[in-house]
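Below: coords-v4.txt (compact mmCIF, C-alpha atoms)
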# COMPACT_ATOMS: atom_id res chain seq x y z
CA MET A 1 46.41 2.23 0.17
CA LYS A 2 46.10 5.66 -1.47
CA ARG A 3 45.65 4.09 -4.88
CA HIS A 4 42.64 2.04 -3.64
CA ILE A 5 40.93 5.01 -1.98
CA LEU A 6 41.27 7.06 -5.18
CA PHE A 7 39.62 4.24 -7.12
CA LEU A 8 36.62 4.30 -4.78
CA PHE A 9 35.98 7.96 -5.44
CA ILE A 10 36.18 7.44 -9.17
CA LEU A 11 33.35 4.90 -8.86
CA LEU A 12 30.99 7.42 -7.27
CA PRO A 13 28.45 8.79 -9.81
CA TRP A 14 29.13 12.37 -10.84
CA THR A 15 25.42 13.18 -10.48
CA LEU A 16 25.38 12.49 -6.75
CA LYS A 17 25.24 15.55 -4.51
CA GLY A 18 27.24 15.79 -1.28
CA GLN A 19 30.38 14.16 0.03
CA TYR A 20 30.98 10.77 1.64
CA THR A 21 33.51 10.03 4.34
CA THR A 22 35.85 7.06 4.37
CA THR A 23 36.27 7.27 8.14
CA GLY A 24 36.19 3.79 9.62
CA LEU A 25 36.33 2.13 6.21
CA SER A 26 38.54 -0.95 6.07
CA LEU A 27 39.63 -1.97 2.60
CA ASN A 28 39.82 -5.53 3.88
CA GLU A 29 36.01 -5.47 4.17
CA GLU A 30 33.35 -5.53 1.45
CA VAL A 31 33.61 -2.21 -0.38
CA HIS A 32 30.15 -2.52 -1.98
CA ASN A 33 28.48 -2.62 1.44
CA TRP A 34 30.17 0.66 2.38
CA TYR A 35 29.12 2.23 -0.92
CA ASP A 36 25.48 1.15 -0.50
CA GLN A 37 25.37 2.57 3.02
CA GLN A 38 26.75 5.92 1.85
CA VAL A 39 24.61 6.59 -1.23
CA GLY A 40 21.62 4.36 -0.38
CA LEU A 41 20.60 1.17 -2.14
CA SER A 42 17.77 2.98 -3.88
CA ASN A 43 20.35 5.04 -5.75
CA THR A 44 22.28 2.01 -6.99
CA LEU A 45 20.57 -1.31 -7.69
CA LEU A 46 17.01 -0.01 -8.06
CA THR A 47 17.95 2.48 -10.76
CA THR A 48 18.91 -0.33 -13.13
CA GLY A 49 16.38 -0.98 -15.85
CA SER A 50 14.80 1.19 -18.53
CA TYR A 51 12.83 4.41 -18.37
CA PHE A 52 9.12 3.90 -19.07
CA GLN A 53 6.60 6.41 -20.34
CA VAL A 54 3.07 5.94 -18.96
CA VAL A 55 0.48 6.63 -21.65
CA LYS A 56 -3.17 7.28 -20.82
CA LYS A 57 -5.29 5.02 -23.06
CA THR A 58 -8.80 5.86 -21.85
CA LYS A 59 -10.57 8.64 -19.99
CA PHE A 60 -12.49 6.20 -17.80
CA ASN A 61 -9.89 4.28 -15.80
CA HIS A 62 -6.35 2.92 -15.82
CA PRO A 63 -4.47 -0.42 -15.96
CA PHE A 64 -2.81 -0.18 -12.54
CA PHE A 65 -3.43 -2.18 -9.37
CA ILE A 66 -5.00 -0.18 -6.50
CA SER A 67 -4.22 3.25 -7.96
CA ASP A 68 -2.66 5.10 -10.87
CA LYS A 69 -0.74 7.15 -8.29
CA TRP A 70 2.47 5.89 -6.71
CA VAL A 71 1.80 3.41 -3.91
CA GLN A 72 4.34 2.82 -1.14
CA GLY A 73 5.42 -0.79 -0.89
CA ASP A 74 8.26 -3.28 -0.56
CA ILE A 75 10.13 -5.06 -3.33
CA THR A 76 12.73 -7.83 -3.50
CA TYR A 77 15.00 -7.23 -6.47
CA ASN A 78 17.96 -9.38 -7.47
CA GLY A 79 17.95 -10.99 -4.04
CA GLU A 80 17.86 -7.72 -2.05
CA HIS A 81 14.86 -6.36 -0.15
CA PHE A 82 13.86 -2.69 -0.34
CA SER A 83 11.22 -1.04 1.86
CA ASN A 84 9.05 2.05 1.36
CA ILE A 85 9.53 2.17 -2.41
CA SER A 86 7.05 3.97 -4.70
CA LEU A 87 5.48 1.33 -6.95
CA LEU A 88 2.99 0.94 -9.80
CA TYR A 89 1.81 -2.48 -10.96
CA ASP A 90 0.57 -2.53 -14.55
CA MET A 91 -2.04 -5.30 -14.83
CA GLU A 92 -2.46 -4.88 -18.58
CA ASN A 93 1.16 -5.72 -19.36
CA ASP A 94 2.03 -7.55 -16.12
CA PHE A 95 5.04 -5.56 -14.97
CA ILE A 96 6.07 -3.51 -11.96
CA LEU A 97 7.33 0.07 -12.18
CA ILE A 98 9.30 1.97 -9.56
CA ARG A 99 9.71 5.71 -9.16
CA HIS A 100 13.21 7.00 -9.73
CA PRO A 101 14.64 7.82 -6.26
CA GLU A 102 16.30 11.04 -7.45
CA THR A 103 12.99 12.87 -7.81
CA TYR A 104 14.62 16.29 -7.64
CA LYS A 105 16.28 15.54 -10.98
CA TYR A 106 14.04 13.03 -12.76
CA ILE A 107 10.66 14.34 -11.51
CA MET A 108 8.71 11.15 -10.83
CA GLN A 109 10.34 9.24 -13.70
CA PRO A 110 9.07 5.62 -13.79
CA ILE A 111 11.71 2.92 -14.14
CA LYS A 112 10.87 -0.53 -15.45
CA PRO A 113 13.31 -2.90 -13.72
CA LEU A 114 14.27 -6.27 -15.18
CA GLN A 115 11.08 -8.14 -14.32
CA HIS A 116 12.59 -11.61 -13.92
CA LEU A 117 14.85 -10.18 -11.18
CA VAL A 118 11.82 -9.01 -9.16
CA SER A 119 11.10 -12.07 -7.03
CA SER A 120 8.30 -10.37 -5.06
CA PHE A 121 6.65 -7.10 -4.11
CA GLU A 122 3.97 -6.00 -1.64
CA MET A 123 1.47 -3.14 -1.86
CA GLN A 124 -1.02 -2.30 0.90
CA GLY A 125 -1.11 -5.87 2.20
CA HIS A 126 -1.21 -7.51 -1.25
CA TYR A 127 1.75 -9.83 -1.83
CA PHE A 128 2.89 -10.76 -5.35
CA MET A 129 5.48 -13.29 -6.47
CA TYR A 130 7.10 -13.80 -9.86
CA TYR A 131 6.54 -17.31 -11.21
CA HIS A 132 9.05 -18.37 -13.83
CA GLU A 133 6.93 -21.22 -15.18
CA ARG A 134 3.76 -21.05 -17.24
CA ILE A 135 0.61 -21.52 -15.11
CA LEU A 136 -2.45 -22.70 -17.03
CA LEU A 137 -2.87 -20.16 -19.85
CA HIS A 138 -0.74 -17.53 -18.18
CA SER A 139 2.83 -16.81 -19.20
CA PRO A 140 5.56 -16.44 -16.57
CA GLY A 141 4.88 -13.35 -14.51
CA PHE A 142 3.39 -11.98 -11.30
CA PHE A 143 0.67 -13.69 -9.28
CA GLU A 144 -0.87 -12.43 -6.07
CA VAL A 145 -0.36 -14.99 -3.31
CA HIS A 146 -3.13 -15.34 -0.73
CA TYR A 147 -2.04 -18.62 0.83
CA GLN A 148 1.00 -20.87 0.53
CA GLY A 149 0.89 -24.27 2.13
CA HIS A 150 2.48 -27.67 1.98
CA SER A 151 0.28 -29.13 -0.76
CA MET A 152 -1.90 -26.17 -1.78
CA ASP A 153 -1.53 -22.50 -2.74
CA LEU A 154 -4.15 -19.89 -3.53
CA LEU A 155 -3.21 -17.38 -6.23
CA THR A 156 -4.85 -14.62 -8.23
CA LYS A 157 -3.70 -13.60 -11.67
CA ARG A 158 -4.52 -9.90 -11.87
CA VAL A 159 -5.43 -8.90 -15.42
CA ARG A 160 -6.92 -5.70 -16.80
CA ARG A 161 -7.77 -5.54 -20.51
CA LEU A 162 -8.79 -2.69 -22.75
CA GLU A 163 -12.24 -3.33 -24.24
CA THR A 164 -14.96 -1.40 -26.01
CA ASN A 165 -17.90 -0.53 -23.74
CA SER A 166 -21.59 -0.10 -24.62
CA SER A 167 -20.89 3.49 -25.69
CA MET A 168 -18.26 2.24 -28.13
CA GLU A 169 -15.47 3.78 -26.08
CA LEU A 170 -12.42 2.06 -24.67
CA GLU A 171 -12.10 1.27 -20.97
CA PHE A 172 -10.20 -1.23 -18.86
CA VAL A 173 -12.04 -4.30 -17.58
CA ASN A 174 -10.85 -6.66 -14.85
CA LYS A 175 -10.27 -10.24 -15.96
CA ASP A 176 -8.83 -11.75 -12.79
CA SER A 177 -8.44 -15.50 -12.39
CA ARG A 178 -8.44 -17.42 -9.09
CA ILE A 179 -6.07 -20.36 -9.18
CA ILE A 180 -5.10 -23.10 -6.75
CA ARG A 181 -2.07 -25.31 -6.72
CA TYR A 182 -3.04 -28.80 -5.63
CA LYS A 183 0.13 -30.83 -5.20
CA ALA A 184 1.92 -30.54 -8.56
CA ASP A 185 -1.02 -29.26 -10.65
CA TYR A 186 -2.82 -25.93 -11.07
CA TYR A 187 -6.58 -25.42 -11.42
CA LYS A 188 -8.74 -22.40 -12.12
CA ILE A 189 -11.45 -21.91 -9.50
CA LYS A 190 -14.88 -21.54 -11.08
CA SER A 191 -17.02 -22.91 -8.26
CA ARG A 192 -16.97 -25.09 -5.17
CA MET A 193 -17.37 -28.13 -7.40
CA LEU A 194 -13.62 -28.11 -8.08
CA PHE A 195 -12.95 -28.76 -4.39
CA TYR A 196 -15.66 -31.41 -4.16
CA ARG A 197 -13.97 -33.20 -7.05
CA LEU A 198 -10.48 -32.96 -5.54
CA PHE A 199 -11.67 -33.93 -2.05
CA LYS A 200 -14.37 -36.49 -2.74
CA GLU A 201 -13.88 -38.25 0.58
CA HIS A 202 -14.21 -34.94 2.49
CA ARG A 203 -17.19 -33.44 0.67
CA LYS A 204 -19.37 -33.40 3.77
CA GLN A 205 -16.69 -31.60 5.79
CA LEU A 206 -16.19 -29.04 3.03
CA ARG A 207 -19.90 -28.29 2.83
CA LYS A 208 -20.02 -27.71 6.55
CA TYR A 209 -17.00 -25.38 6.46
CA ILE A 210 -18.42 -23.40 3.52
CA ARG A 211 -21.77 -22.98 5.29
CA GLU A 212 -20.33 -22.03 8.68
CA HIS A 213 -17.76 -19.57 7.29
CA GLN A 214 -19.97 -18.22 4.49
CA VAL A 215 -17.36 -18.86 1.81
CA ILE A 216 -18.29 -17.35 -1.55
CA PHE A 217 -16.30 -18.35 -4.61
CA GLY A 218 -16.05 -14.89 -6.14
CA ASN A 219 -13.16 -12.59 -6.94
CA ASP A 220 -13.84 -10.31 -3.97
CA ASN A 221 -13.72 -12.90 -1.17
CA GLU A 222 -9.98 -13.41 -0.78
CA GLU A 223 -9.67 -13.76 2.99
CA ARG A 224 -12.43 -16.34 3.44
CA LEU A 225 -11.34 -18.28 0.39
CA ALA A 226 -7.74 -18.33 1.66
CA GLY A 227 -9.02 -19.75 4.97
CA PHE A 228 -10.97 -22.39 3.09
CA VAL A 229 -7.91 -23.43 1.03
CA GLU A 230 -5.86 -23.63 4.20
CA TYR A 231 -8.53 -25.91 5.68
CA CYS A 232 -8.42 -28.11 2.55
CA ASP A 233 -4.64 -28.24 2.80
CA SER A 234 -4.95 -29.57 6.35
CA LEU A 235 -7.04 -32.49 5.07
CA ILE A 236 -4.25 -33.77 2.83
CA ASP A 237 -2.13 -36.55 4.26

Structure encoded using structure tokens:
Amino acid sequence: MKRHILFLFILLPWTLKGQYTTTGLSLNEEVHNWYDQQVGLSNTLLTTGSYFQVVKKTKFNHPFFISDKWVQGDITYNGEHFSNISLLYDMENDFILIRHPETYKYIMQPIKPLQHLVSSFEMQGHYFMYYHERILLHSPGFFEVHYQGHSMDLLTKRVRRLETNSSMELEFVNKDSRIIRYKADYYKIKSRMLFYRLFKEHRKQLRKYIREHQVIFGNDNEERLAGFVEYCDSLID
């Protein structure tokens, strides 16, 4: 018994501050669960990855989703869910960054976790999933999910690219793509004509829904478009 308890203390990182009690700990139970409860999951699993240096590329804007400041959100990493984590989503390079939890020592140090282990994250009501397959022209990576149904999904690929503006200076430009999954295939949404082609026998119903709900097929009409895709999904046998 004493030999096992000594081994547990050797595992504790030397950088951690404070002491942890073994009161109530049964060595017949899962030791990792006890360790996570004592030091916090954010100090163990979420610190895996590589340090990342954010470089400002233009004076006009930035490549991050929502803000270039840390945004509180949730993340599912390696099968475990973490809440109230400081996140940055880089739309230029398509990766998620997290703030190192030991801010007193690392002073807001961004960590780039292993991206393929991030199954999903959420920021201010925007939900992203990692897709391991290539979708249209997009490599495996993160897609914002607006609707997931039986036969249809509505996704947005968030992209921000560095381009030269009219003043011959660099700035980031949004290049988002709206995408639907229809059964086993993916399509880029350019206009309502895509839906008329996929639902030829329901074209009249679709026109009525679009008119009554004022659906606009633009990049800033996510909620109404998600409702429209859900309606289309309900028409599929």

(Q) Taking 3 positions as the minimum chain separation for residues in the same chain, which residues sit within 8 Å of region 119-124 of chain A when counting all atoms listed in the file? Answer as a list of chain:residue names. (A) A:Val71, A:Gln72, A:Gly73, A:Asp74, A:Ile75, A:Thr76, A:Tyr77, A:Asn78, A:Gly79, A:Leu87, A:His116, A:Tyr127, A:Phe128, A:Met129, A:Tyr130

Q: May I ask which of the residues A:Asp237, A:Ala226, A:Asn221, A:Val215 is the closest one to Phe199 (chain A), counting all atoms listed in the file?
A: A:Asp237

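Here CA of Gly125 (chain A) is placed at a distance of 26.1 Å from CA of Lys183 (chain A).
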
Q: Fewer than 2 positions away in the same chain doesn't count, so skip those; otherwise give me all residues within 7 Å of Met152 (chain A), counting only C-alpha atoms, as a ChimeraX atom specification.
A: /A:148-150,154,180-183,233

Q. What separation in Å, quoted to one decimal, exists between CA of Ile96 (chain A) and CA of Glu80 (chain A)?
A. 16.0 Å

Q: Grab the CA of Asp153 (chain A) to CA of Arg197 (chain A) distance for me, in Å with one decimal place.
A: 17.0 Å

Q | Close residues, Asn61 (chain A) itself excluded, 7 Å, all atoms listed in the file, min 3 positions apart in chain, as a list in words | A |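 Once the adjacent positions are removed, what remains is Thr58, Glu171 and Phe172 of chain A.
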
(Q) as number ranges by chain, please: the residues near Leu225 (chain A) (cut-off 12 Å, only C-alpha atoms, same-chain neighbours under 2 positions excluded). (A) A: 146-147, 153-156, 178-180, 189, 191-192, 195, 209-210, 213-223, 227-232

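Here the question is which of A:His126, A:Lys69, A:Arg207, A:Lys112 gets nearest to Asn93 (chain A) using only C-alpha atoms, and that residue is A:Lys112.
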
Q: Pick out the closest residue to Pro110 (chain A) from this set: A:Val55, A:Asn84, A:Glu212, A:His202. Count only C-alpha atoms.
A: A:Val55

Q. Is there a way to get, as a ChimeraX atom specification, all residues within 6 Å of the point (5.0, -7.4, -11.4) in file coordinates, counting all atoms listed in the file?
A. /A:89,94-96,142

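The shortest atom-to-atom distance to Ala184 (chain A), with all atoms listed in the file taken into account, belongs to A:Ile135 out of A:Val145, A:Ile135, A:Leu162, A:Val54.
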